[in-house]
>>> print(open('model-v1.txt').read())   # compact mmCIF, N, CA and C atoms
# COMPACT_ATOMS: atom_id res chain seq x y z
N MET A 1 18.35 -10.24 5.66
CA MET A 1 17.49 -10.93 6.59
C MET A 1 16.49 -9.94 7.18
N ALA A 2 15.24 -10.36 7.29
CA ALA A 2 14.18 -9.51 7.81
C ALA A 2 14.29 -9.37 9.33
N ILE A 3 13.99 -8.18 9.80
CA ILE A 3 13.96 -7.92 11.24
C ILE A 3 12.50 -7.79 11.64
N TYR A 4 12.12 -8.48 12.69
CA TYR A 4 10.75 -8.54 13.15
C TYR A 4 10.34 -7.26 13.88
N HIS A 5 9.16 -6.76 13.54
CA HIS A 5 8.58 -5.64 14.28
C HIS A 5 7.07 -5.75 14.23
N LEU A 6 6.45 -5.74 15.40
CA LEU A 6 4.99 -5.70 15.50
C LEU A 6 4.65 -4.93 16.76
N SER A 7 3.75 -3.98 16.63
CA SER A 7 3.27 -3.28 17.82
C SER A 7 1.75 -3.20 17.73
N MET A 8 1.11 -3.26 18.89
CA MET A 8 -0.33 -3.16 18.97
C MET A 8 -0.65 -1.98 19.88
N LYS A 9 -1.55 -1.12 19.40
CA LYS A 9 -1.93 0.05 20.17
C LYS A 9 -3.45 0.15 20.19
N PRO A 10 -4.02 0.43 21.36
CA PRO A 10 -5.47 0.64 21.40
C PRO A 10 -5.83 2.02 20.87
N ILE A 11 -6.97 2.10 20.23
CA ILE A 11 -7.53 3.39 19.84
C ILE A 11 -8.66 3.64 20.83
N ALA A 12 -8.38 4.54 21.78
CA ALA A 12 -9.28 4.75 22.89
C ALA A 12 -9.72 6.21 22.96
N ARG A 13 -10.96 6.40 23.32
CA ARG A 13 -11.48 7.77 23.48
C ARG A 13 -10.75 8.52 24.58
N SER A 14 -10.32 7.82 25.62
CA SER A 14 -9.64 8.50 26.73
C SER A 14 -8.36 9.19 26.26
N GLY A 15 -7.77 8.71 25.19
CA GLY A 15 -6.59 9.35 24.61
C GLY A 15 -6.93 10.38 23.56
N GLY A 16 -8.23 10.65 23.41
CA GLY A 16 -8.66 11.64 22.43
C GLY A 16 -8.66 11.13 21.01
N ARG A 17 -8.61 9.80 20.85
CA ARG A 17 -8.54 9.22 19.50
C ARG A 17 -9.92 8.79 19.01
N SER A 18 -10.02 8.67 17.71
CA SER A 18 -11.25 8.26 17.05
C SER A 18 -10.93 7.14 16.07
N ALA A 19 -11.76 6.09 16.07
CA ALA A 19 -11.56 5.00 15.12
C ALA A 19 -11.77 5.48 13.69
N VAL A 20 -12.71 6.39 13.49
CA VAL A 20 -12.98 6.92 12.16
C VAL A 20 -11.77 7.71 11.65
N ALA A 21 -11.21 8.57 12.51
CA ALA A 21 -10.04 9.37 12.11
C ALA A 21 -8.84 8.46 11.83
N SER A 22 -8.65 7.45 12.66
CA SER A 22 -7.52 6.52 12.46
C SER A 22 -7.68 5.76 11.16
N ALA A 23 -8.88 5.30 10.86
CA ALA A 23 -9.12 4.56 9.61
C ALA A 23 -8.91 5.47 8.40
N ALA A 24 -9.37 6.71 8.48
CA ALA A 24 -9.18 7.65 7.38
C ALA A 24 -7.69 7.88 7.12
N TYR A 25 -6.93 8.04 8.19
CA TYR A 25 -5.48 8.26 8.06
C TYR A 25 -4.79 7.04 7.46
N ARG A 26 -5.08 5.85 7.98
CA ARG A 26 -4.41 4.63 7.50
C ARG A 26 -4.72 4.33 6.05
N ALA A 27 -5.97 4.58 5.63
CA ALA A 27 -6.38 4.25 4.26
C ALA A 27 -6.27 5.43 3.30
N ALA A 28 -5.87 6.59 3.80
CA ALA A 28 -5.76 7.81 2.99
C ALA A 28 -7.10 8.12 2.33
N GLU A 29 -8.13 8.23 3.16
CA GLU A 29 -9.48 8.51 2.68
C GLU A 29 -10.08 9.70 3.41
N ARG A 30 -11.25 10.08 2.97
CA ARG A 30 -12.03 11.15 3.61
C ARG A 30 -13.24 10.50 4.26
N LEU A 31 -13.29 10.54 5.60
CA LEU A 31 -14.39 9.93 6.34
C LEU A 31 -14.95 10.93 7.35
N THR A 32 -16.26 10.88 7.56
CA THR A 32 -16.91 11.74 8.54
C THR A 32 -17.33 10.91 9.73
N ASN A 33 -16.94 11.37 10.91
CA ASN A 33 -17.32 10.72 12.16
C ASN A 33 -18.72 11.20 12.53
N GLU A 34 -19.68 10.30 12.48
CA GLU A 34 -21.07 10.67 12.76
C GLU A 34 -21.29 11.03 14.24
N ARG A 35 -20.43 10.54 15.12
CA ARG A 35 -20.58 10.81 16.56
C ARG A 35 -20.33 12.27 16.89
N ASP A 36 -19.28 12.86 16.30
CA ASP A 36 -18.96 14.26 16.63
C ASP A 36 -19.07 15.20 15.42
N GLY A 37 -19.40 14.65 14.24
CA GLY A 37 -19.59 15.48 13.05
C GLY A 37 -18.32 15.93 12.36
N LEU A 38 -17.16 15.54 12.87
CA LEU A 38 -15.89 15.95 12.26
C LEU A 38 -15.58 15.13 11.02
N THR A 39 -15.10 15.80 9.99
CA THR A 39 -14.66 15.12 8.77
C THR A 39 -13.14 15.05 8.79
N HIS A 40 -12.63 13.85 8.58
CA HIS A 40 -11.19 13.61 8.57
C HIS A 40 -10.79 13.31 7.13
N ASP A 41 -10.06 14.24 6.51
CA ASP A 41 -9.72 14.11 5.10
C ASP A 41 -8.22 13.90 4.93
N PHE A 42 -7.85 12.67 4.63
CA PHE A 42 -6.46 12.32 4.36
C PHE A 42 -6.32 11.81 2.93
N SER A 43 -7.26 12.21 2.06
CA SER A 43 -7.27 11.70 0.69
C SER A 43 -6.07 12.17 -0.13
N ASN A 44 -5.39 13.23 0.31
CA ASN A 44 -4.20 13.70 -0.40
C ASN A 44 -2.92 13.03 0.09
N ARG A 45 -3.04 12.16 1.07
CA ARG A 45 -1.89 11.48 1.66
C ARG A 45 -1.32 10.47 0.66
N ASN A 46 -0.01 10.46 0.53
CA ASN A 46 0.66 9.53 -0.38
C ASN A 46 1.20 8.33 0.38
N GLY A 47 1.47 7.26 -0.33
CA GLY A 47 2.17 6.13 0.25
C GLY A 47 1.33 4.91 0.56
N VAL A 48 0.02 5.00 0.41
CA VAL A 48 -0.81 3.82 0.66
C VAL A 48 -0.85 2.98 -0.61
N GLU A 49 -0.26 1.80 -0.53
CA GLU A 49 -0.23 0.91 -1.69
C GLU A 49 -1.53 0.12 -1.85
N HIS A 50 -2.14 -0.24 -0.73
CA HIS A 50 -3.37 -1.04 -0.80
C HIS A 50 -4.11 -0.89 0.52
N ALA A 51 -5.43 -0.80 0.45
CA ALA A 51 -6.28 -0.78 1.65
C ALA A 51 -7.48 -1.66 1.37
N GLU A 52 -7.87 -2.44 2.38
CA GLU A 52 -8.92 -3.43 2.17
C GLU A 52 -9.55 -3.79 3.52
N ILE A 53 -10.80 -4.21 3.48
CA ILE A 53 -11.50 -4.70 4.66
C ILE A 53 -11.83 -6.17 4.42
N VAL A 54 -11.52 -7.01 5.42
CA VAL A 54 -11.87 -8.43 5.33
C VAL A 54 -12.82 -8.76 6.48
N LEU A 55 -13.71 -9.70 6.23
CA LEU A 55 -14.70 -10.14 7.20
C LEU A 55 -14.44 -11.58 7.58
N PRO A 56 -14.93 -12.01 8.74
CA PRO A 56 -14.79 -13.42 9.12
C PRO A 56 -15.51 -14.32 8.12
N ALA A 57 -15.05 -15.55 8.02
CA ALA A 57 -15.69 -16.53 7.13
C ALA A 57 -17.16 -16.65 7.49
N ARG A 58 -17.97 -16.80 6.51
CA ARG A 58 -19.43 -16.98 6.65
C ARG A 58 -20.11 -15.79 7.31
N SER A 59 -19.50 -14.63 7.25
CA SER A 59 -20.14 -13.42 7.78
C SER A 59 -21.11 -12.87 6.74
N SER A 60 -22.23 -12.38 7.19
CA SER A 60 -23.20 -11.77 6.27
C SER A 60 -23.24 -10.24 6.46
N ALA A 61 -22.27 -9.70 7.15
CA ALA A 61 -22.23 -8.25 7.43
C ALA A 61 -21.54 -7.51 6.29
N TYR A 62 -22.12 -7.60 5.10
CA TYR A 62 -21.50 -6.97 3.92
C TYR A 62 -21.49 -5.44 4.02
N TRP A 63 -22.35 -4.88 4.85
CA TRP A 63 -22.36 -3.44 5.06
C TRP A 63 -21.01 -2.98 5.62
N ALA A 64 -20.30 -3.88 6.34
CA ALA A 64 -19.02 -3.53 6.96
C ALA A 64 -17.89 -3.42 5.95
N MET A 65 -18.14 -3.75 4.71
CA MET A 65 -17.11 -3.63 3.68
C MET A 65 -16.91 -2.16 3.29
N LYS A 66 -17.80 -1.30 3.73
CA LYS A 66 -17.66 0.14 3.49
C LYS A 66 -17.02 0.75 4.73
N ARG A 67 -15.85 1.34 4.56
CA ARG A 67 -15.03 1.84 5.67
C ARG A 67 -15.81 2.80 6.57
N SER A 68 -16.54 3.72 6.01
CA SER A 68 -17.30 4.69 6.80
C SER A 68 -18.34 3.98 7.66
N ALA A 69 -19.07 3.04 7.09
CA ALA A 69 -20.10 2.31 7.84
C ALA A 69 -19.47 1.48 8.96
N LEU A 70 -18.37 0.82 8.67
CA LEU A 70 -17.70 -0.02 9.66
C LEU A 70 -17.26 0.78 10.88
N TRP A 71 -16.52 1.85 10.65
CA TRP A 71 -15.94 2.57 11.77
C TRP A 71 -16.94 3.45 12.50
N ASN A 72 -17.96 3.93 11.81
CA ASN A 72 -19.01 4.66 12.52
C ASN A 72 -19.84 3.71 13.38
N ALA A 73 -20.03 2.47 12.92
CA ALA A 73 -20.73 1.47 13.73
C ALA A 73 -19.90 1.14 14.98
N ALA A 74 -18.58 1.06 14.83
CA ALA A 74 -17.71 0.80 15.99
C ALA A 74 -17.81 1.95 16.99
N GLU A 75 -17.85 3.16 16.50
CA GLU A 75 -17.98 4.33 17.38
C GLU A 75 -19.32 4.32 18.11
N ARG A 76 -20.40 3.95 17.40
CA ARG A 76 -21.73 3.92 18.03
C ARG A 76 -21.85 2.79 19.05
N ALA A 77 -21.16 1.70 18.83
CA ALA A 77 -21.28 0.52 19.70
C ALA A 77 -20.71 0.78 21.09
N GLU A 78 -19.77 1.65 21.20
CA GLU A 78 -19.12 1.94 22.49
C GLU A 78 -19.68 3.24 23.05
N LYS A 79 -20.25 3.18 24.23
CA LYS A 79 -20.89 4.35 24.84
C LYS A 79 -20.00 5.08 25.84
N ARG A 80 -19.05 4.38 26.43
CA ARG A 80 -18.24 4.97 27.50
C ARG A 80 -17.24 5.99 26.98
N SER A 81 -16.93 6.96 27.81
CA SER A 81 -15.97 8.00 27.42
C SER A 81 -14.54 7.48 27.43
N ASP A 82 -14.31 6.33 28.09
CA ASP A 82 -12.96 5.76 28.11
C ASP A 82 -12.90 4.44 27.30
N ALA A 83 -13.81 4.29 26.36
CA ALA A 83 -13.91 3.05 25.57
C ALA A 83 -12.71 2.86 24.66
N ARG A 84 -12.33 1.61 24.49
CA ARG A 84 -11.36 1.22 23.47
C ARG A 84 -12.18 0.81 22.25
N ILE A 85 -12.11 1.60 21.22
CA ILE A 85 -12.97 1.42 20.06
C ILE A 85 -12.37 0.45 19.06
N ALA A 86 -11.06 0.43 18.96
CA ALA A 86 -10.38 -0.42 17.98
C ALA A 86 -8.97 -0.71 18.47
N ARG A 87 -8.31 -1.59 17.76
CA ARG A 87 -6.90 -1.87 18.01
C ARG A 87 -6.15 -1.73 16.70
N GLU A 88 -4.97 -1.15 16.80
CA GLU A 88 -4.13 -0.93 15.62
C GLU A 88 -2.90 -1.82 15.74
N PHE A 89 -2.64 -2.60 14.71
CA PHE A 89 -1.44 -3.41 14.65
C PHE A 89 -0.53 -2.80 13.60
N GLU A 90 0.70 -2.52 13.98
CA GLU A 90 1.71 -2.01 13.04
C GLU A 90 2.75 -3.11 12.86
N ILE A 91 2.91 -3.54 11.62
CA ILE A 91 3.80 -4.66 11.32
C ILE A 91 4.77 -4.24 10.22
N ALA A 92 6.06 -4.50 10.43
CA ALA A 92 7.06 -4.26 9.39
C ALA A 92 7.13 -5.52 8.53
N LEU A 93 6.83 -5.37 7.27
CA LEU A 93 6.88 -6.50 6.34
C LEU A 93 8.29 -6.64 5.79
N PRO A 94 8.75 -7.87 5.58
CA PRO A 94 10.11 -8.06 5.05
C PRO A 94 10.28 -7.39 3.68
N HIS A 95 11.36 -6.65 3.54
CA HIS A 95 11.59 -5.94 2.28
C HIS A 95 11.93 -6.90 1.14
N GLU A 96 12.26 -8.14 1.47
CA GLU A 96 12.58 -9.12 0.43
C GLU A 96 11.34 -9.58 -0.34
N LEU A 97 10.16 -9.33 0.20
CA LEU A 97 8.92 -9.75 -0.46
C LEU A 97 8.55 -8.78 -1.58
N THR A 98 7.93 -9.34 -2.61
CA THR A 98 7.39 -8.51 -3.69
C THR A 98 6.10 -7.85 -3.19
N PRO A 99 5.62 -6.82 -3.88
CA PRO A 99 4.34 -6.22 -3.47
C PRO A 99 3.20 -7.24 -3.43
N ASP A 100 3.16 -8.16 -4.39
CA ASP A 100 2.11 -9.18 -4.38
C ASP A 100 2.25 -10.11 -3.17
N GLN A 101 3.46 -10.47 -2.82
CA GLN A 101 3.68 -11.33 -1.66
C GLN A 101 3.30 -10.61 -0.37
N ARG A 102 3.59 -9.31 -0.29
CA ARG A 102 3.20 -8.54 0.89
C ARG A 102 1.68 -8.50 1.04
N LEU A 103 0.99 -8.33 -0.08
CA LEU A 103 -0.47 -8.30 -0.04
C LEU A 103 -1.04 -9.65 0.39
N VAL A 104 -0.52 -10.74 -0.16
CA VAL A 104 -0.99 -12.08 0.21
C VAL A 104 -0.75 -12.34 1.69
N LEU A 105 0.44 -12.00 2.18
CA LEU A 105 0.78 -12.21 3.59
C LEU A 105 -0.12 -11.37 4.51
N THR A 106 -0.30 -10.11 4.17
CA THR A 106 -1.12 -9.22 4.99
C THR A 106 -2.57 -9.67 4.98
N ARG A 107 -3.08 -10.04 3.83
CA ARG A 107 -4.47 -10.50 3.74
C ARG A 107 -4.67 -11.77 4.57
N ALA A 108 -3.71 -12.69 4.52
CA ALA A 108 -3.80 -13.93 5.29
C ALA A 108 -3.82 -13.63 6.79
N PHE A 109 -2.97 -12.71 7.24
CA PHE A 109 -2.94 -12.34 8.66
C PHE A 109 -4.26 -11.68 9.06
N ALA A 110 -4.77 -10.80 8.21
CA ALA A 110 -6.04 -10.12 8.49
C ALA A 110 -7.19 -11.13 8.57
N LEU A 111 -7.21 -12.10 7.66
CA LEU A 111 -8.25 -13.13 7.70
C LEU A 111 -8.14 -13.99 8.95
N HIS A 112 -6.92 -14.28 9.36
CA HIS A 112 -6.71 -15.03 10.60
C HIS A 112 -7.30 -14.27 11.79
N LEU A 113 -7.00 -12.99 11.89
CA LEU A 113 -7.54 -12.17 12.98
C LEU A 113 -9.07 -12.09 12.91
N ALA A 114 -9.60 -11.88 11.70
CA ALA A 114 -11.04 -11.77 11.53
C ALA A 114 -11.75 -13.04 11.98
N ASN A 115 -11.22 -14.19 11.58
CA ASN A 115 -11.84 -15.47 11.94
C ASN A 115 -11.66 -15.80 13.41
N ARG A 116 -10.51 -15.50 13.96
CA ARG A 116 -10.25 -15.81 15.36
C ARG A 116 -11.12 -14.99 16.30
N TYR A 117 -11.28 -13.70 16.00
CA TYR A 117 -12.00 -12.82 16.90
C TYR A 117 -13.41 -12.46 16.42
N GLY A 118 -13.80 -12.95 15.25
CA GLY A 118 -15.14 -12.69 14.74
C GLY A 118 -15.40 -11.22 14.49
N ALA A 119 -14.40 -10.54 13.97
CA ALA A 119 -14.52 -9.10 13.75
C ALA A 119 -13.98 -8.73 12.37
N ALA A 120 -14.48 -7.63 11.84
CA ALA A 120 -13.94 -7.11 10.59
C ALA A 120 -12.53 -6.59 10.83
N VAL A 121 -11.67 -6.71 9.83
CA VAL A 121 -10.30 -6.19 9.92
C VAL A 121 -10.07 -5.28 8.72
N ASP A 122 -9.65 -4.07 9.00
CA ASP A 122 -9.36 -3.06 8.00
C ASP A 122 -7.85 -2.91 7.95
N PHE A 123 -7.24 -3.22 6.81
CA PHE A 123 -5.78 -3.10 6.74
C PHE A 123 -5.34 -2.22 5.59
N ALA A 124 -4.14 -1.66 5.75
CA ALA A 124 -3.53 -0.83 4.71
C ALA A 124 -2.04 -1.13 4.66
N ILE A 125 -1.53 -1.22 3.46
CA ILE A 125 -0.09 -1.43 3.25
C ILE A 125 0.50 -0.11 2.77
N HIS A 126 1.53 0.35 3.48
CA HIS A 126 2.15 1.64 3.18
C HIS A 126 3.57 1.46 2.66
N ARG A 127 3.98 2.37 1.77
CA ARG A 127 5.37 2.46 1.34
C ARG A 127 6.15 3.20 2.42
N PRO A 128 7.47 2.97 2.50
CA PRO A 128 8.27 3.75 3.45
C PRO A 128 8.19 5.24 3.15
N GLY A 129 8.30 6.06 4.18
CA GLY A 129 8.23 7.50 4.02
C GLY A 129 9.49 8.07 3.39
N GLU A 130 9.37 9.30 2.92
CA GLU A 130 10.50 10.01 2.33
C GLU A 130 11.63 10.12 3.35
N GLY A 131 12.85 9.89 2.92
CA GLY A 131 14.00 10.02 3.78
C GLY A 131 14.22 8.85 4.72
N SER A 132 13.39 7.82 4.64
CA SER A 132 13.59 6.66 5.49
C SER A 132 14.28 5.55 4.70
N ASP A 133 14.54 4.47 5.37
CA ASP A 133 15.14 3.32 4.72
C ASP A 133 14.24 2.85 3.57
N ILE A 134 14.77 2.74 2.37
CA ILE A 134 13.94 2.42 1.19
C ILE A 134 13.36 1.02 1.25
N ARG A 135 13.85 0.20 2.16
CA ARG A 135 13.30 -1.14 2.27
C ARG A 135 11.95 -1.10 2.96
>>> encode(input="model-v1.txt", output="structure tokens")
Amino acid sequence: MAIYHLSMKPIARSGGRSAVASAAYRAAERLTNERDGLTHDFSNRNGVEHAEIVLPARSSAYWAMKRSALWNAAERAEKRSDARIAREFEIALPHELTPDQRLVLTRAFALHLANRYGAAVDFAIHRPGEGSDIR
């Protein structure tokens, strides 16, 4: 039987966090934050099974399908030093699901969030880490 887990955390400048760095880490990519010039390279990180960006229905913001453009735009949009730039949702998916079922479920949840809040959603599905529960 699956055990429920969901946590939501803000990505805020006041905590020294960057939406660009967080997105690079979650998707295991190399992204440069145009605001401070730092390059965050997590391209050697293992365990990311799938990463994708979804947009709200009838959105014409196709530029946001590129991770670097999306998160740098989010960083530019917020001017305050204590701004909340993004929100991170961590969800434990039931181990009974196949990889395809996990992708369908995650994509459906991401589309629900995108349509409800009118915002792009960047998601990544990760395998369990070494030495953890294999489920």
>>> residues_around(input="model-v1.txt", residues="Arg58 of chain A", least_positions_apart="4", cutoff="12 Å", atoms="only C-alpha atoms", output="JSON list (two decimals) with N, CA and C atoms, in the coordinates of the input")
[["chain", "number", "residue", "atom", "x", "y", "z"],
["A", 54, "VAL", "N", -11.52, -7.01, 5.42],
["A", 54, "VAL", "CA", -11.87, -8.43, 5.33],
["A", 54, "VAL", "C", -12.82, -8.76, 6.48],
["A", 62, "TYR", "N", -22.12, -7.60, 5.10],
["A", 62, "TYR", "CA", -21.50, -6.97, 3.92],
["A", 62, "TYR", "C", -21.49, -5.44, 4.02],
["A", 111, "LEU", "N", -7.21, -12.10, 7.66],
["A", 111, "LEU", "CA", -8.25, -13.13, 7.70],
["A", 111, "LEU", "C", -8.14, -13.99, 8.95],
["A", 114, "ALA", "N", -9.60, -11.88, 11.70],
["A", 114, "ALA", "CA", -11.04, -11.77, 11.53],
["A", 114, "ALA", "C", -11.75, -13.04, 11.98],
["A", 115, "ASN", "N", -11.22, -14.19, 11.58],
["A", 115, "ASN", "CA", -11.84, -15.47, 11.94],
["A", 115, "ASN", "C", -11.66, -15.80, 13.41],
["A", 118, "GLY", "N", -13.80, -12.95, 15.25],
["A", 118, "GLY", "CA", -15.14, -12.69, 14.74],
["A", 118, "GLY", "C", -15.40, -11.22, 14.49],
["A", 119, "ALA", "N", -14.40, -10.54, 13.97],
["A", 119, "ALA", "CA", -14.52, -9.10, 13.75],
["A", 119, "ALA", "C", -13.98, -8.73, 12.37],
["A", 120, "ALA", "N", -14.48, -7.63, 11.84],
["A", 120, "ALA", "CA", -13.94, -7.11, 10.59],
["A", 120, "ALA", "C", -12.53, -6.59, 10.83]]
>>> residues_around(input="model-v1.txt", residues="Ile125 of chain A", least_positions_apart="3", cutoff="7 Å", atoms="only C-alpha atoms", output="short mmCIF file (atom, residue, chain, number, x, y, z; two decimals) with N, CA and C atoms, in the frame of the given file")
data_model
loop_
_atom_site.label_atom_id
_atom_site.label_comp_id
_atom_site.auth_asym_id
_atom_site.auth_seq_id
_atom_site.Cartn_x
_atom_site.Cartn_y
_atom_site.Cartn_z
N VAL A 48 0.02 5.00 0.41
CA VAL A 48 -0.81 3.82 0.66
C VAL A 48 -0.85 2.98 -0.61
N GLU A 49 -0.26 1.80 -0.53
CA GLU A 49 -0.23 0.91 -1.69
C GLU A 49 -1.53 0.12 -1.85
N HIS A 50 -2.14 -0.24 -0.73
CA HIS A 50 -3.37 -1.04 -0.80
C HIS A 50 -4.11 -0.89 0.52
N ALA A 51 -5.43 -0.80 0.45
CA ALA A 51 -6.28 -0.78 1.65
C ALA A 51 -7.48 -1.66 1.37
#
>>> closest_residue(input="model-v1.txt", among="A:Ala73, A:His95, A:Trp63, A:Leu55", to="Ala110 of chain A", atoms="all atoms listed in the file")
A:Leu55
>>> select_by_dssp(input="model-v1.txt", residues="segment 50-134 of chain A", states="strand (DSSP E or B)", output="PyMOL selection string")
chain A and resi 50-54+84-91+121-126
>>> atom_distance(input="model-v1.txt", atom1="atom C of Ile91 of chain A", atom2="atom CA of Ser18 of chain A")
21.4 Å
